[in-house]
Number of protein chains: 2
Amino acid sequence: MKQIIAQPLTRDAFAQFGDVIETDGAESFLINAGKCTRFHDLAKVETAGENAHTLINIFRGTPYDFPLALEMVERHPLGSQAFIPLSQEPFLVVVAPDAGGRAGDPQAFISAPNQGVNYARNTWHAVLTPIGKAQDFVVVDRGGDGNNLEEFYYPQPWTIALPGSFQGTDQ
Amino acid sequence: MKQIIAQPLTRDAFAQFGDVIETDGAESFLINAGKCTRFHDLAKVETAGENAHTLINIFRGTPYDFPLALEMVERHPLGSQAFIPLSQEPFLVVVAPDAGGRAGDPQAFISAPNQGVNYARNTWHAVLTPIGKAQDFVVVDRGGDGNNLEEFYYPQPWTIALPGSFQGTDQ
């Protein structure tokens with residue numbers, strides 16, 4: 001079984017898969033007579049296909065045990081999907097490049113507090129994977145007609161481990 | 001000067017102005033082999049006009065003093081605008097019905113923890129008004145061409161007070 005170790009989530013490392021949604025390093029400007037900072041347009045939202053529209057949802061995810069056996073990734077051919085945590089807890093972000101219509105080798109990242117992600121349209125990713133505790137997320141994705149889900153099962157599961165240095169927010 | 005007292009934010013009271021974004025009472029179903037609850041489609045997102053698309057932003061708002069003098073409300077003719085707090089702190093939600101192209105008498109609400117709002121397209125509302133502390137919000141609104149901002153100044157400011165029973169989250 002092949003194993004990977006999750007790495008810190010950064011804009012550079014994630015760039016080919018979508019957006020890291022965070023204020024650090026983001027473009028911003030003042031609005032409302034200086035009372036509010038707008039960190040502007042942090043993710044490329046895509047909604048394609050018939051009757052496409054943007055959905056705002058809340059996902060309540062239960063935590064996973066580690067090391068994790070990753071068997072499946074999925075992608076959404078018709079839209080992006082953003083996850084913004086409503087807590088300061090970490091979650092695991094797993095993505096994979098496309099390899100001729102199948103998912104290539106996965107890459108795994110651990111979010112820092114105040115980081116969300118937006119999976120670009122048609123990007124392979126694992127399901128929502130909270131670490132440590134049940135967590136709520138704002139999710140912005142696509143509604144409409146047509147099939148917006150494709151799944152890929154790896155021939156053999158991957159093992160995803162947290163780094164030995166990893167400490168949850170409670171420790 | 002006319003005064004109003006802010007009231008608790010509820011779906012019923014807010015229905016004519018847009019959506020309260022909260023899990024309580026929302027439609028939900030299980031996904032990801034039962035590991036995640038999806039509270040589905042909590043807000044009607046609208047993006048109209050040329051080159052319209054959905055934006056995901058983070059707004060960092062500084063708190064306001066109370067009683068508040070409300071001079072101005074605004075509306076967005078081309079899109080909805082959702083505010084989902086990233087903290088448990090309360091914020092003030094001020095909306096007004098339209099009265100022949102001008103804003104009518106305002107109504108004010110105080111959010112509970114885990115409540116966000118979505119202002120429907122073209123609904124008069126006050127600017128982001130945190131109570132007590134600086135707060136971050138996920139904001140989902142509309143980008144694109146055309147003028148998406150209209151402001152209305154009341155002939156005389158309204159005074160908005162918090163109820164005498166109101167306790168911030170710190171007390």
# chains A, B, ... in the order shown; residues from 1 in each chain; ligands from 1

call {"tool": "closest_atom_pairs", "arguments": {"of": "chain B", "to": "chain A", "cutoff": "9 Å", "atoms": "only C-alpha atoms", "output": "Markdown table"}}
result
| residue | atom | partner | partner_atom | distance |
| --- | --- | --- | --- | --- |
| B:Ile21 | CA | A:Asn57 | CA | 8.4 |
| B:Glu22 | CA | A:Ile58 | CA | 8.0 |
| B:Thr23 | CA | A:Ile58 | CA | 7.2 |
| B:Asn32 | CA | A:Val127 | CA | 6.7 |
| B:Lys35 | CA | A:Thr62 | CA | 5.5 |
| B:Cys36 | CA | A:Gly61 | CA | 4.3 |
| B:Thr37 | CA | A:Arg60 | CA | 5.0 |
| B:Arg38 | CA | A:Phe59 | CA | 4.7 |
| B:Phe39 | CA | A:Ile58 | CA | 5.1 |
| B:His40 | CA | A:Asn57 | CA | 5.0 |
| B:Asp41 | CA | A:Asn57 | CA | 5.2 |
| B:Leu42 | CA | A:Asn57 | CA | 5.6 |
| B:Ala43 | CA | A:Ile56 | CA | 5.9 |
| B:Lys44 | CA | A:Leu55 | CA | 7.4 |
| B:Val45 | CA | A:Thr54 | CA | 6.0 |
| B:Glu46 | CA | A:Thr54 | CA | 7.9 |
| B:Thr47 | CA | A:His53 | CA | 8.9 |
| B:His53 | CA | A:Val45 | CA | 7.4 |
| B:Thr54 | CA | A:Val45 | CA | 6.0 |
| B:Leu55 | CA | A:Asp41 | CA | 5.2 |
| B:Ile56 | CA | A:Asp41 | CA | 5.4 |
| B:Asn57 | CA | A:His40 | CA | 5.0 |
| B:Ile58 | CA | A:Phe39 | CA | 5.1 |
| B:Phe59 | CA | A:Arg38 | CA | 4.7 |
| B:Arg60 | CA | A:Thr37 | CA | 5.0 |
| B:Gly61 | CA | A:Cys36 | CA | 4.3 |
| B:Thr62 | CA | A:Lys35 | CA | 5.5 |
| B:Pro63 | CA | A:Lys35 | CA | 8.1 |
| B:Tyr64 | CA | A:Lys35 | CA | 8.8 |
| B:Ala82 | CA | A:Ile56 | CA | 8.9 |
| B:Ile84 | CA | A:Val138 | CA | 8.2 |
| B:Pro85 | CA | A:Leu86 | CA | 8.0 |
| B:Leu86 | CA | A:Leu86 | CA | 5.5 |
| B:Ser87 | CA | A:Leu86 | CA | 7.4 |
| B:Asn114 | CA | A:Leu86 | CA | 8.9 |
| B:Val127 | CA | A:Asn32 | CA | 6.7 |
| B:Leu128 | CA | A:Cys36 | CA | 7.8 |
| B:Val138 | CA | A:Ile84 | CA | 8.2 |
| B:Val140 | CA | A:Ile56 | CA | 8.5 |
| B:Gly143 | CA | A:Asp41 | CA | 8.5 |

call {"tool": "select_by_dssp", "arguments": {"residues": "stretch 13-139 of chain A", "states": "helix (DSSP H, G or I)", "output": "number ranges by chain"}}
result
A: 13-14, 32-34

call {"tool": "residues_around", "arguments": {"residues": "stretch 91-95 of chain A", "least_positions_apart": "5", "cutoff": "6 Å", "atoms": "only C-alpha atoms", "output": "PDB file with N, CA, C and O atoms, in the first residue's frame"}}
result
ATOM      1  N   PRO A 106      -2.532  10.859  -5.586  1.00  0.00           N
ATOM      2  CA  PRO A 106      -3.099  11.930  -4.757  1.00  0.00           C
ATOM      3  C   PRO A 106      -2.022  12.758  -4.060  1.00  0.00           C
ATOM      4  O   PRO A 106      -0.894  12.307  -3.856  1.00  0.00           O
ATOM      5  N   GLN A 107      -2.416  13.970  -3.709  1.00  0.00           N
ATOM      6  CA  GLN A 107      -1.615  14.833  -2.840  1.00  0.00           C
ATOM      7  C   GLN A 107      -2.504  15.233  -1.670  1.00  0.00           C
ATOM      8  O   GLN A 107      -3.696  15.468  -1.852  1.00  0.00           O
ATOM      9  N   ALA A 108      -1.909  15.319  -0.490  1.00  0.00           N
ATOM     10  CA  ALA A 108      -2.710  15.597   0.710  1.00  0.00           C
ATOM     11  C   ALA A 108      -2.153  16.802   1.443  1.00  0.00           C
ATOM     12  O   ALA A 108      -0.939  16.970   1.566  1.00  0.00           O
ATOM     13  N   PHE A 109      -3.066  17.632   1.936  1.00  0.00           N
ATOM     14  CA  PHE A 109      -2.702  18.852   2.650  1.00  0.00           C
ATOM     15  C   PHE A 109      -3.514  18.954   3.939  1.00  0.00           C
ATOM     16  O   PHE A 109      -4.649  18.463   4.012  1.00  0.00           O
ATOM     17  N   ILE A 110      -2.930  19.615   4.931  1.00  0.00           N
ATOM     18  CA  ILE A 110      -3.646  19.911   6.173  1.00  0.00           C
ATOM     19  C   ILE A 110      -3.904  21.405   6.222  1.00  0.00           C
ATOM     20  O   ILE A 110      -2.982  22.216   6.048  1.00  0.00           O
ATOM     21  N   SER A 111      -5.146  21.779   6.475  1.00  0.00           N
ATOM     22  CA  SER A 111      -5.479  23.205   6.555  1.00  0.00           C
ATOM     23  C   SER A 111      -4.981  23.798   7.870  1.00  0.00           C
ATOM     24  O   SER A 111      -4.905  23.115   8.886  1.00  0.00           O
ATOM     25  N   TRP A 124     -10.174  16.318  -9.372  1.00  0.00           N
ATOM     26  CA  TRP A 124     -10.316  15.155  -8.482  1.00  0.00           C
ATOM     27  C   TRP A 124     -10.010  15.547  -7.040  1.00  0.00           C
ATOM     28  O   TRP A 124      -9.004  16.191  -6.768  1.00  0.00           O
ATOM     29  N   HIS A 125     -10.878  15.124  -6.128  1.00  0.00           N
ATOM     30  CA  HIS A 125     -10.655  15.417  -4.698  1.00  0.00           C
ATOM     31  C   HIS A 125     -11.356  14.361  -3.850  1.00  0.00           C
ATOM     32  O   HIS A 125     -12.316  13.725  -4.300  1.00  0.00           O
ATOM     33  N   ALA A 126     -10.888  14.232  -2.622  1.00  0.00           N
ATOM     34  CA  ALA A 126     -11.538  13.327  -1.677  1.00  0.00           C
ATOM     35  C   ALA A 126     -12.738  14.014  -1.050  1.00  0.00           C
ATOM     36  O   ALA A 126     -12.903  15.235  -1.139  1.00  0.00           O
ATOM     37  N   THR A 129     -13.109  15.785   4.848  1.00  0.00           N
ATOM     38  CA  THR A 129     -12.374  14.958   5.814  1.00  0.00           C
ATOM     39  C   THR A 129     -11.924  15.776   7.019  1.00  0.00           C
ATOM     40  O   THR A 129     -10.767  16.206   7.104  1.00  0.00           O
ATOM     41  N   PRO A 130     -12.832  16.010   7.978  1.00  0.00           N
ATOM     42  CA  PRO A 130     -12.430  16.725   9.188  1.00  0.00           C
ATOM     43  C   PRO A 130     -11.401  15.910   9.975  1.00  0.00           C
ATOM     44  O   PRO A 130     -11.420  14.674   9.968  1.00  0.00           O
ATOM     45  N   ILE A 131     -10.527  16.629  10.652  1.00  0.00           N
ATOM     46  CA  ILE A 131      -9.544  16.004  11.541  1.00  0.00           C
ATOM     47  C   ILE A 131      -9.915  16.342  12.978  1.00  0.00           C
ATOM     48  O   ILE A 131     -10.117  17.513  13.301  1.00  0.00           O
TER      49      ILE A 131
END

call {"tool": "atom_distance", "arguments": {"atom1": "atom CA of B:Gln115", "atom2": "atom CA of A:Pro113"}}
result
20.5 Å

call {"tool": "decode", "arguments": {"residues": "stretch 87-99 of chain A", "atoms": "all heavy atoms", "output": "PDB file, in the first residue's frame"}}
result
ATOM      1  N   SER A  87     -15.106  26.664  11.932  1.00  0.00           N
ATOM      2  CA  SER A  87     -14.361  26.510  13.177  1.00  0.00           C
ATOM      3  C   SER A  87     -12.885  26.711  12.872  1.00  0.00           C
ATOM      4  O   SER A  87     -12.509  26.944  11.720  1.00  0.00           O
ATOM      5  CB  SER A  87     -14.577  25.112  13.757  1.00  0.00           C
ATOM      6  OG  SER A  87     -13.871  24.154  12.976  1.00  0.00           O
ATOM      7  N   GLN A  88     -12.078  26.613  13.894  1.00  0.00           N
ATOM      8  CA  GLN A  88     -10.631  26.759  13.721  1.00  0.00           C
ATOM      9  C   GLN A  88      -9.941  25.399  13.611  1.00  0.00           C
ATOM     10  O   GLN A  88      -8.715  25.326  13.603  1.00  0.00           O
ATOM     11  CB  GLN A  88     -10.059  27.516  14.926  1.00  0.00           C
ATOM     12  CG  GLN A  88     -10.624  28.923  15.093  1.00  0.00           C
ATOM     13  CD  GLN A  88     -10.134  29.852  14.004  1.00  0.00           C
ATOM     14  OE1 GLN A  88      -8.930  30.038  13.819  1.00  0.00           O
ATOM     15  NE2 GLN A  88     -11.056  30.423  13.239  1.00  0.00           N
ATOM     16  N   GLU A  89     -10.705  24.339  13.517  1.00  0.00           N
ATOM     17  CA  GLU A  89     -10.134  22.992  13.481  1.00  0.00           C
ATOM     18  C   GLU A  89      -9.535  22.692  12.108  1.00  0.00           C
ATOM     19  O   GLU A  89      -9.985  23.225  11.098  1.00  0.00           O
ATOM     20  CB  GLU A  89     -11.219  21.959  13.795  1.00  0.00           C
ATOM     21  CG  GLU A  89     -11.966  22.199  15.085  1.00  0.00           C
ATOM     22  CD  GLU A  89     -11.070  22.099  16.304  1.00  0.00           C
ATOM     23  OE1 GLU A  89     -10.172  21.236  16.312  1.00  0.00           O
ATOM     24  OE2 GLU A  89     -11.260  22.894  17.247  1.00  0.00           O
ATOM     25  N   PRO A  90      -8.562  21.784  12.057  1.00  0.00           N
ATOM     26  CA  PRO A  90      -7.969  21.416  10.759  1.00  0.00           C
ATOM     27  C   PRO A  90      -8.803  20.369  10.018  1.00  0.00           C
ATOM     28  O   PRO A  90      -9.505  19.568  10.624  1.00  0.00           O
ATOM     29  CB  PRO A  90      -6.620  20.827  11.170  1.00  0.00           C
ATOM     30  CG  PRO A  90      -6.849  20.270  12.541  1.00  0.00           C
ATOM     31  CD  PRO A  90      -7.889  21.149  13.205  1.00  0.00           C
ATOM     32  N   PHE A  91      -8.701  20.414   8.700  1.00  0.00           N
ATOM     33  CA  PHE A  91      -9.278  19.336   7.901  1.00  0.00           C
ATOM     34  C   PHE A  91      -8.267  18.918   6.844  1.00  0.00           C
ATOM     35  O   PHE A  91      -7.326  19.642   6.531  1.00  0.00           O
ATOM     36  CB  PHE A  91     -10.632  19.721   7.298  1.00  0.00           C
ATOM     37  CG  PHE A  91     -10.629  20.850   6.307  1.00  0.00           C
ATOM     38  CD1 PHE A  91     -10.808  20.602   4.948  1.00  0.00           C
ATOM     39  CD2 PHE A  91     -10.472  22.169   6.717  1.00  0.00           C
ATOM     40  CE1 PHE A  91     -10.820  21.649   4.018  1.00  0.00           C
ATOM     41  CE2 PHE A  91     -10.480  23.215   5.800  1.00  0.00           C
ATOM     42  CZ  PHE A  91     -10.651  22.951   4.456  1.00  0.00           C
ATOM     43  N   LEU A  92      -8.479  17.713   6.337  1.00  0.00           N
ATOM     44  CA  LEU A  92      -7.569  17.169   5.343  1.00  0.00           C
ATOM     45  C   LEU A  92      -8.093  17.484   3.950  1.00  0.00           C
ATOM     46  O   LEU A  92      -9.288  17.340   3.688  1.00  0.00           O
ATOM     47  CB  LEU A  92      -7.468  15.646   5.509  1.00  0.00           C
ATOM     48  CG  LEU A  92      -6.437  14.958   4.617  1.00  0.00           C
ATOM     49  CD1 LEU A  92      -5.033  15.157   5.180  1.00  0.00           C
ATOM     50  CD2 LEU A  92      -6.746  13.458   4.482  1.00  0.00           C
ATOM     51  N   VAL A  93      -7.202  17.911   3.079  1.00  0.00           N
ATOM     52  CA  VAL A  93      -7.547  18.268   1.700  1.00  0.00           C
ATOM     53  C   VAL A  93      -6.771  17.328   0.787  1.00  0.00           C
ATOM     54  O   VAL A  93      -5.540  17.370   0.763  1.00  0.00           O
ATOM     55  CB  VAL A  93      -7.167  19.738   1.419  1.00  0.00           C
ATOM     56  CG1 VAL A  93      -7.404  20.079  -0.041  1.00  0.00           C
ATOM     57  CG2 VAL A  93      -7.929  20.682   2.343  1.00  0.00           C
ATOM     58  N   VAL A  94      -7.474  16.482   0.086  1.00  0.00           N
ATOM     59  CA  VAL A  94      -6.818  15.526  -0.821  1.00  0.00           C
ATOM     60  C   VAL A  94      -7.251  15.820  -2.246  1.00  0.00           C
ATOM     61  O   VAL A  94      -8.457  15.912  -2.525  1.00  0.00           O
ATOM     62  CB  VAL A  94      -7.180  14.069  -0.470  1.00  0.00           C
ATOM     63  CG1 VAL A  94      -6.532  13.098  -1.450  1.00  0.00           C
ATOM     64  CG2 VAL A  94      -6.767  13.738   0.954  1.00  0.00           C
ATOM     65  N   VAL A  95      -6.307  15.972  -3.108  1.00  0.00           N
ATOM     66  CA  VAL A  95      -6.575  16.248  -4.521  1.00  0.00           C
ATOM     67  C   VAL A  95      -5.674  15.375  -5.376  1.00  0.00           C
ATOM     68  O   VAL A  95      -4.690  14.816  -4.881  1.00  0.00           O
ATOM     69  CB  VAL A  95      -6.312  17.739  -4.871  1.00  0.00           C
ATOM     70  CG1 VAL A  95      -7.446  18.620  -4.350  1.00  0.00           C
ATOM     71  CG2 VAL A  95      -4.984  18.207  -4.328  1.00  0.00           C
ATOM     72  N   ALA A  96      -6.012  15.273  -6.644  1.00  0.00           N
ATOM     73  CA  ALA A  96      -5.186  14.486  -7.562  1.00  0.00           C
ATOM     74  C   ALA A  96      -5.266  15.102  -8.952  1.00  0.00           C
ATOM     75  O   ALA A  96      -6.335  15.572  -9.360  1.00  0.00           O
ATOM     76  CB  ALA A  96      -5.660  13.037  -7.604  1.00  0.00           C
ATOM     77  N   PRO A  97      -4.157  15.102  -9.670  1.00  0.00           N
ATOM     78  CA  PRO A  97      -4.215  15.556 -11.065  1.00  0.00           C
ATOM     79  C   PRO A  97      -4.974  14.539 -11.904  1.00  0.00           C
ATOM     80  O   PRO A  97      -5.104  13.377 -11.510  1.00  0.00           O
ATOM     81  CB  PRO A  97      -2.744  15.616 -11.472  1.00  0.00           C
ATOM     82  CG  PRO A  97      -2.057  14.636 -10.570  1.00  0.00           C
ATOM     83  CD  PRO A  97      -2.820  14.637  -9.278  1.00  0.00           C
ATOM     84  N   ASP A  98      -5.486  14.976 -13.021  1.00  0.00           N
ATOM     85  CA  ASP A  98      -6.116  14.040 -13.942  1.00  0.00           C
ATOM     86  C   ASP A  98      -5.036  13.343 -14.769  1.00  0.00           C
ATOM     87  O   ASP A  98      -4.025  13.943 -15.138  1.00  0.00           O
ATOM     88  CB  ASP A  98      -7.086  14.785 -14.866  1.00  0.00           C
ATOM     89  CG  ASP A  98      -7.883  13.810 -15.718  1.00  0.00           C
ATOM     90  OD1 ASP A  98      -8.652  13.032 -15.134  1.00  0.00           O
ATOM     91  OD2 ASP A  98      -7.719  13.824 -16.949  1.00  0.00           O
ATOM     92  N   ALA A  99      -5.268  12.083 -15.027  1.00  0.00           N
ATOM     93  CA  ALA A  99      -4.326  11.303 -15.840  1.00  0.00           C
ATOM     94  C   ALA A  99      -5.143  10.539 -16.879  1.00  0.00           C
ATOM     95  O   ALA A  99      -5.496   9.383 -16.669  1.00  0.00           O
ATOM     96  CB  ALA A  99      -3.520  10.352 -14.948  1.00  0.00           C
TER      97      ALA A  99
END
